[in-house]
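Below is coords05.txt, which holds compact mmCIF, C-alpha atoms and all ligand atoms.
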# COMPACT_ATOMS: atom_id res chain seq x y z
CA MET A 176 -15.88 6.73 -6.96
CA GLU A 177 -17.80 4.77 -9.60
CA ASN A 178 -18.03 6.57 -12.98
CA GLN A 179 -15.58 9.28 -11.82
CA GLU A 180 -12.47 9.99 -13.87
CA PHE A 181 -8.96 10.52 -12.49
CA ASP A 182 -5.66 11.54 -14.12
CA LYS A 183 -3.77 8.90 -12.16
CA VAL A 184 -4.78 5.90 -10.07
CA ILE A 185 -2.56 4.30 -7.40
CA PHE A 186 -3.76 0.78 -6.58
CA CYS A 187 -2.81 -0.20 -2.99
CA GLY A 188 -5.11 -3.22 -2.55
CA ASN A 189 -4.51 -6.89 -3.31
CA ILE A 190 -3.24 -7.57 -6.82
CA LYS A 191 -5.49 -10.65 -6.97
CA ASP A 192 -8.45 -8.20 -7.14
CA PHE A 193 -6.73 -6.02 -9.76
CA PRO A 194 -7.80 -7.83 -12.99
CA ALA A 195 -11.50 -7.80 -12.06
CA ILE A 196 -11.45 -4.16 -10.95
CA PHE A 197 -9.68 -2.95 -14.12
CA GLN A 198 -11.13 -5.45 -16.60
CA ASN A 199 -12.84 -2.75 -18.69
CA SER A 200 -9.96 -0.28 -18.73
CA LEU A 201 -6.65 -2.19 -18.95
CA ALA A 202 -5.43 -4.82 -21.43
CA ILE A 203 -3.78 -7.18 -18.94
CA GLU A 204 -5.27 -10.57 -19.86
CA ALA A 205 -1.75 -12.03 -20.15
CA TYR A 206 -1.29 -11.38 -16.43
CA HIS A 207 -4.51 -13.00 -15.17
CA LYS A 208 -3.01 -16.49 -14.81
CA PRO A 209 0.31 -15.47 -13.18
CA ILE A 210 -1.59 -13.23 -10.75
CA ALA A 211 -4.03 -16.04 -9.91
CA GLU A 212 -1.06 -18.37 -9.27
CA LEU A 213 0.69 -16.05 -6.77
CA GLU A 214 1.09 -17.86 -3.46
CA TYR A 215 0.63 -16.47 0.04
CA HIS A 216 0.17 -17.29 3.72
CA GLY A 217 -2.57 -16.20 6.08
CA THR A 218 -2.31 -15.55 9.81
CA THR A 219 -4.45 -16.45 12.81
CA SER A 220 -4.01 -13.61 15.33
CA VAL A 221 -5.11 -14.31 18.89
CA LEU A 222 -5.74 -11.58 21.47
CA CYS A 223 -4.70 -12.94 24.88
CA LYS A 224 -4.03 -12.04 28.47
CA MET A 225 -0.48 -12.72 29.67
CA THR A 226 1.58 -12.25 32.81
CA LYS A 227 3.37 -8.93 33.27
CA ASN A 228 6.67 -8.79 31.37
CA PRO A 229 9.12 -6.18 30.04
CA PHE A 230 9.05 -7.33 26.37
CA SER A 231 7.67 -5.84 23.15
CA TRP A 232 8.06 -8.90 20.87
CA ILE A 233 8.80 -12.49 21.90
CA TYR A 234 9.99 -14.88 19.15
CA LEU A 235 9.61 -18.64 19.72
CA PRO A 236 12.13 -20.53 17.55
CA ASP A 237 11.20 -23.94 18.99
CA ASN A 238 9.29 -26.83 17.41
CA LYS A 239 7.26 -27.36 20.55
CA TYR A 240 5.46 -24.03 19.95
CA PHE A 241 3.28 -23.84 16.85
CA SER A 242 3.03 -20.05 17.19
CA HIS A 243 6.05 -18.18 15.84
CA ARG A 244 5.77 -15.03 17.95
CA ILE A 245 3.98 -13.09 20.66
CA ILE A 246 3.45 -9.36 20.11
CA CYS A 247 3.24 -7.80 23.57
CA THR A 248 0.78 -5.11 22.53
CA GLY A 249 -0.21 -4.57 26.17
CA ASN A 250 3.23 -3.07 26.75
CA PHE A 251 3.01 -0.60 23.87
CA ALA A 252 1.26 2.07 26.01
CA VAL A 253 0.71 2.45 29.77
CA SER A 254 -3.02 2.97 29.07
CA ASN A 255 -3.35 -0.43 27.32
CA ASN A 256 -4.09 -2.44 30.49
CA LYS A 257 -6.57 -1.30 33.15
CA ASP A 258 -5.65 -4.23 35.38
CA LYS A 259 -2.08 -3.47 36.47
CA ASN A 260 -1.43 -7.11 37.40
CA ILE A 261 -1.84 -8.59 33.91
CA SER A 262 -0.89 -7.59 30.39
CA THR A 263 -2.27 -8.37 26.93
CA CYS A 264 -0.71 -9.59 23.71
CA VAL A 265 -1.35 -10.94 20.22
CA VAL A 266 -0.17 -14.49 19.57
CA GLU A 267 0.40 -15.17 15.87
CA PHE A 268 -0.01 -18.54 14.15
CA THR A 269 0.77 -19.12 10.47
CA ASP A 270 -2.36 -19.96 8.42
CA TYR A 271 -5.74 -21.09 9.73
CA LEU A 272 -6.30 -22.69 13.15
CA SER A 273 -9.66 -23.57 14.70
CA LYS A 274 -10.51 -22.21 18.17
CA GLU A 275 -9.85 -25.66 19.64
CA GLU A 276 -6.41 -25.87 17.97
CA ILE A 277 -5.58 -22.36 19.18
CA GLN A 278 -6.49 -23.19 22.78
CA GLU A 279 -4.54 -26.46 22.69
CA ASN A 280 -1.44 -24.57 21.54
CA LEU A 281 -1.86 -21.64 23.94
CA ALA A 282 -1.94 -24.09 26.86
CA LYS A 283 1.65 -25.18 25.97
CA MET A 284 3.01 -21.62 25.84
CA PRO A 285 4.97 -19.69 28.48
CA PHE A 286 3.91 -16.36 30.11
CA GLY A 287 0.48 -17.55 31.34
CA ILE A 288 -1.19 -16.91 27.98
CA ASN A 289 -5.03 -16.94 28.11
CA TYR A 290 -7.39 -16.68 25.12
CA ILE A 291 -9.68 -13.62 24.69
CA ALA A 292 -10.59 -13.55 20.95
CA HIS A 293 -9.12 -14.36 17.55
CA ASN A 294 -9.21 -13.45 13.88
CA PHE A 295 -8.01 -15.17 10.70
CA ALA A 296 -6.74 -13.00 7.83
CA GLU A 297 -6.32 -14.91 4.58
CA TYR A 298 -3.70 -12.63 3.00
CA THR A 299 -0.84 -11.64 5.30
CA TYR A 300 2.45 -12.86 3.82
CA PRO A 301 3.09 -12.74 0.05
CA ILE A 302 5.29 -15.58 -1.24
CA GLN A 303 7.51 -14.91 -4.23
CA SER A 304 8.67 -17.48 -6.76
CA LYS A 305 11.62 -16.94 -9.10
CA ALA A 306 9.24 -15.42 -11.67
CA THR A 307 7.31 -13.05 -9.40
CA LYS A 308 9.52 -9.96 -9.42
CA ASP A 309 9.83 -9.88 -13.23
CA MET A 310 6.10 -10.45 -13.67
CA ILE A 311 5.24 -7.56 -11.33
CA ILE A 312 7.81 -5.24 -12.94
CA ASN A 313 6.40 -5.96 -16.41
CA LEU A 314 2.83 -5.52 -15.21
CA LYS A 315 3.77 -2.19 -13.60
CA LEU A 316 5.39 -0.96 -16.82
CA THR A 317 2.31 -2.02 -18.81
CA VAL A 318 -0.27 -0.30 -16.59
CA GLU A 319 1.83 2.82 -16.05
CA ASN A 320 1.22 3.62 -19.72
CA ASP A 321 -2.40 4.13 -18.64
CA ASN A 322 -1.40 6.12 -15.52
CA VAL A 323 -2.22 3.26 -13.17
CA TYR A 324 0.37 2.49 -10.47
CA LEU A 325 0.79 -0.44 -8.09
CA CYS A 326 2.02 0.36 -4.57
CA GLY A 327 2.01 -1.71 -1.38
CA ARG A 328 2.66 -5.13 0.13
CA PHE A 329 -0.05 -7.02 -1.75
CA ALA A 330 -0.25 -4.66 -4.74
CA GLU A 331 3.44 -5.33 -5.51
CA TRP A 332 3.54 -8.79 -3.88
CA GLU A 333 6.57 -7.64 -1.88
CA TYR A 334 7.30 -8.72 1.68
CA TYR A 335 7.25 -5.08 2.88
CA ASN A 336 7.43 -4.18 6.55
CA MET A 337 5.84 -0.86 7.54
CA ASP A 338 8.97 1.21 6.89
CA ALA A 339 9.50 -0.34 3.44
CA ALA A 340 5.81 0.12 2.53
CA ILE A 341 6.01 3.81 3.49
CA LYS A 342 9.26 4.22 1.55
CA ALA A 343 7.72 2.59 -1.55
CA ALA A 344 4.84 5.10 -1.39
CA MET A 345 7.25 8.05 -0.99
CA VAL A 346 9.43 6.86 -3.89
CA LEU A 347 6.37 6.39 -6.12
CA LEU A 348 5.09 9.88 -5.30
CA ASP A 349 8.52 11.36 -6.11
CA ASN A 350 8.47 9.62 -9.48
CA ILE A 351 5.01 10.64 -10.67
CA ASP A 352 3.97 14.27 -11.03
C1 LIG B 401 0.32 -10.47 10.43
C2 LIG B 401 1.22 -9.34 10.03
C3 LIG B 401 2.25 -8.95 10.87
C4 LIG B 401 3.07 -7.89 10.52
N1 LIG B 401 4.07 -7.49 11.37
C5 LIG B 401 4.80 -6.41 11.08
C6 LIG B 401 5.81 -5.94 11.98
O1 LIG B 401 6.00 -6.50 13.06
N2 LIG B 401 6.55 -4.86 11.63
C7 LIG B 401 6.35 -4.19 10.44
O2 LIG B 401 7.03 -3.19 10.18
N3 LIG B 401 5.42 -4.62 9.58
C8 LIG B 401 4.65 -5.70 9.85
N4 LIG B 401 3.70 -6.14 8.98
C9 LIG B 401 3.66 -5.52 7.66
C10 LIG B 401 2.81 -4.27 7.58
O3 LIG B 401 1.54 -4.50 8.14
C11 LIG B 401 2.71 -3.95 6.09
O4 LIG B 401 4.00 -3.73 5.59
C12 LIG B 401 1.91 -2.73 5.80
O5 LIG B 401 0.64 -2.78 6.41
C13 LIG B 401 1.75 -2.64 4.30
O6 LIG B 401 1.06 -1.46 3.99
P1 LIG B 401 0.23 -1.37 2.67
O7 LIG B 401 -0.31 0.02 2.62
O8 LIG B 401 1.03 -1.87 1.55
O9 LIG B 401 -0.97 -2.42 2.80
P2 LIG B 401 -2.20 -2.52 3.88
O10 LIG B 401 -1.75 -1.98 5.19
O11 LIG B 401 -2.64 -3.92 3.74
O12 LIG B 401 -3.21 -1.50 3.25
C14 LIG B 401 -3.95 -1.78 2.08
C15 LIG B 401 -5.32 -1.14 2.30
O13 LIG B 401 -6.05 -1.22 1.08
C16 LIG B 401 -7.38 -1.51 1.41
N5 LIG B 401 -8.03 -2.08 0.20
C17 LIG B 401 -7.81 -3.29 -0.36
N6 LIG B 401 -8.56 -3.44 -1.46
C18 LIG B 401 -9.25 -2.29 -1.61
C19 LIG B 401 -10.18 -1.83 -2.58
N7 LIG B 401 -10.54 -2.60 -3.62
N8 LIG B 401 -10.70 -0.60 -2.44
C20 LIG B 401 -10.33 0.19 -1.40
N9 LIG B 401 -9.44 -0.19 -0.46
C21 LIG B 401 -8.90 -1.42 -0.57
C22 LIG B 401 -7.30 -2.48 2.56
O14 LIG B 401 -8.49 -2.53 3.29
C23 LIG B 401 -6.15 -1.87 3.36
O15 LIG B 401 -6.61 -0.93 4.30
C24 LIG B 401 2.87 -7.19 9.30
C25 LIG B 401 1.83 -7.59 8.46
C26 LIG B 401 1.02 -8.64 8.82
C27 LIG B 401 -0.11 -9.00 7.88

Spell out the structure here as structure tokens.
Amino acid sequence: MENQEFDKVIFCGNIKDFPAIFQNSLAIEAYHKPIAELEYHGTTSVLCKMTKNPFSWIYLPDNKYFSHRIICTGNFAVSNNKDKNISTCVVEFTDYLSKEEIQENLAKMPFGINYIAHNFAEYTYPIQSKATKDMIINLKLTVENDNVYLCGRFAEWEYYNMDAAIKAAMVLLDNID
């Protein structure tokens, strides 16, 4: 896409990358600092085996569990588990945990959870301050003058779930020709 020209650009990536990507085409220096200061959480997602169960999501509102929820991905399709006696899931922990910390915490959990593999994603939950919404709205208005649009969870720094992210894209498309 380098050196190609477009009538309109919809940026769906992480707004923290936005200033560097558009540094030669947009006058948004005033936004560099507020964008750099935006706060967020990451997530450590752990693929595990678990005992058979009828659940899709299990939430754990208890201080004794460091993980906040188990996503029972093994139950999402019959074809997900070859071994009919066990199931699989993703255990989520807020922010970074080492493999040792993960295993220590899994050992305390119910449902016979057993580690398979894990991944840490740095950007998973945008955190808004009182100033965030206004800053993003003003940035959007500024860049829209140059036919650049921000859309998505980390592009708009909005705590979108899937349905809200899809709606935001549909609304944006309805509003630009
Ligand atoms: C840990 C976690 C759990 C979640 N749980 C749920 C849930 O249970 N239910 C629910 O409804 N939603 C959930 N969500 C939210 C859901 O994943 C998001 O709402 C949705 O993915 C947001 O879509 P998006 O298109 O805005 O962003 P993304 O899905 O993040 O898509 C952005 C895309 O842009 C790409 N990209 C970034 N930078 C560039 C670049 N410079 N050039 C090209 N491509 C780029 C990225 O690789 C990515 O593919 C969860 C999210 C996380 C992180």

query = If we count only C-alpha atoms, what is near Pro194 in chain A at a cut-off of 9 Å, once residues fewer than 4 positions away on the same chain are taken out, given as a list in words?
reply = Ile190, Gln198, Leu201, Ile203, Glu204, Tyr206, His207 and Ile210 of chain A

Shortest interatomic distance to Phe295 in chain A - which of A:Ser273, A:Thr219, A:Asn228, A:Thr263, counting only C-alpha atoms =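 Closest residue, counting only C-alpha atoms: A:Thr219.
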
key: Within 9 Å of ligand LIG 401 (chain B), counting all atoms listed in the file, residues as a PyMOL selection string   = chain A and resi 186-190+192-193+196+217-220+232+246+267-269+296+298-300+326-331+333-341+343-344

Within 10 Å of Tyr234 in chain A using only C-alpha atoms, minus same-chain residues under 5 positions, as a list in words = Ser242, His243, Arg244, Ile245 and Ile246 of chain A

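For the atom pair formed by CA of Leu347 in chain A and CA of Val184 in chain A, the distance is 11.8 Å, given to one decimal.
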
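Restricting the calculation to all atoms listed in the file, the smallest distance between His216 in chain A and any of A:Lys342, A:Asp270, A:Asn322, A:Ser200 is found for A:Asp270.
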
Taking every listed atom of range 217-227 of chain A and adding 5 Å to each side, what centre and edge lengths in Å (one decimal) does the axis-aligned box have, as AutoDock Vina command-line options?
--center_x -1.2 --center_y -12.7 --center_z 19.7 --size_x 19.1 --size_y 17.5 --size_z 37.2

request  = Record the distance separating CA of Ile311 in chain A and CA of Trp332 in chain A, expressed in Å with one decimal.
outcome  =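 Between CA of Ile311 in chain A and CA of Trp332 in chain A the gap is 7.7 Å.
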
query = Closest to Lys274 in chain A among A:Leu325, A:Asn320, A:His293, A:Ala205, using only C-alpha atoms?
reply =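 Ranked by minimum distance to Lys274 in chain A, first place goes to A:His293.
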
message = Using all atoms listed in the file, can you tell me which of A:Asn350, A:Asn178, A:Ser231, A:Asn238 comes closest to Lys283 in chain A?
response =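 When distances to Lys283 in chain A are compared using all atoms listed in the file, the smallest one comes from A:Asn238.
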
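Residue neighbourhood of Ile288 in chain A, excluding near-sequence residues (fewer than 5 positions): Cys223, Lys224, Met225, Thr226, Thr263, Cys264, Val266, Leu281, Ala282 and Lys283 of chain A, at 9 Å, using all atoms listed in the file.
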
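With distances restricted to only C-alpha atoms, A:Val221 is the closest residue to Leu272 in chain A from A:Val253, A:Val318, A:Val221, A:Ala202.
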
task = Could you jot down the CA of Asp258 in chain A to CA of Glu276 in chain A separation for me, Å, one decimal place?
result =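 The value is 27.8 Å.
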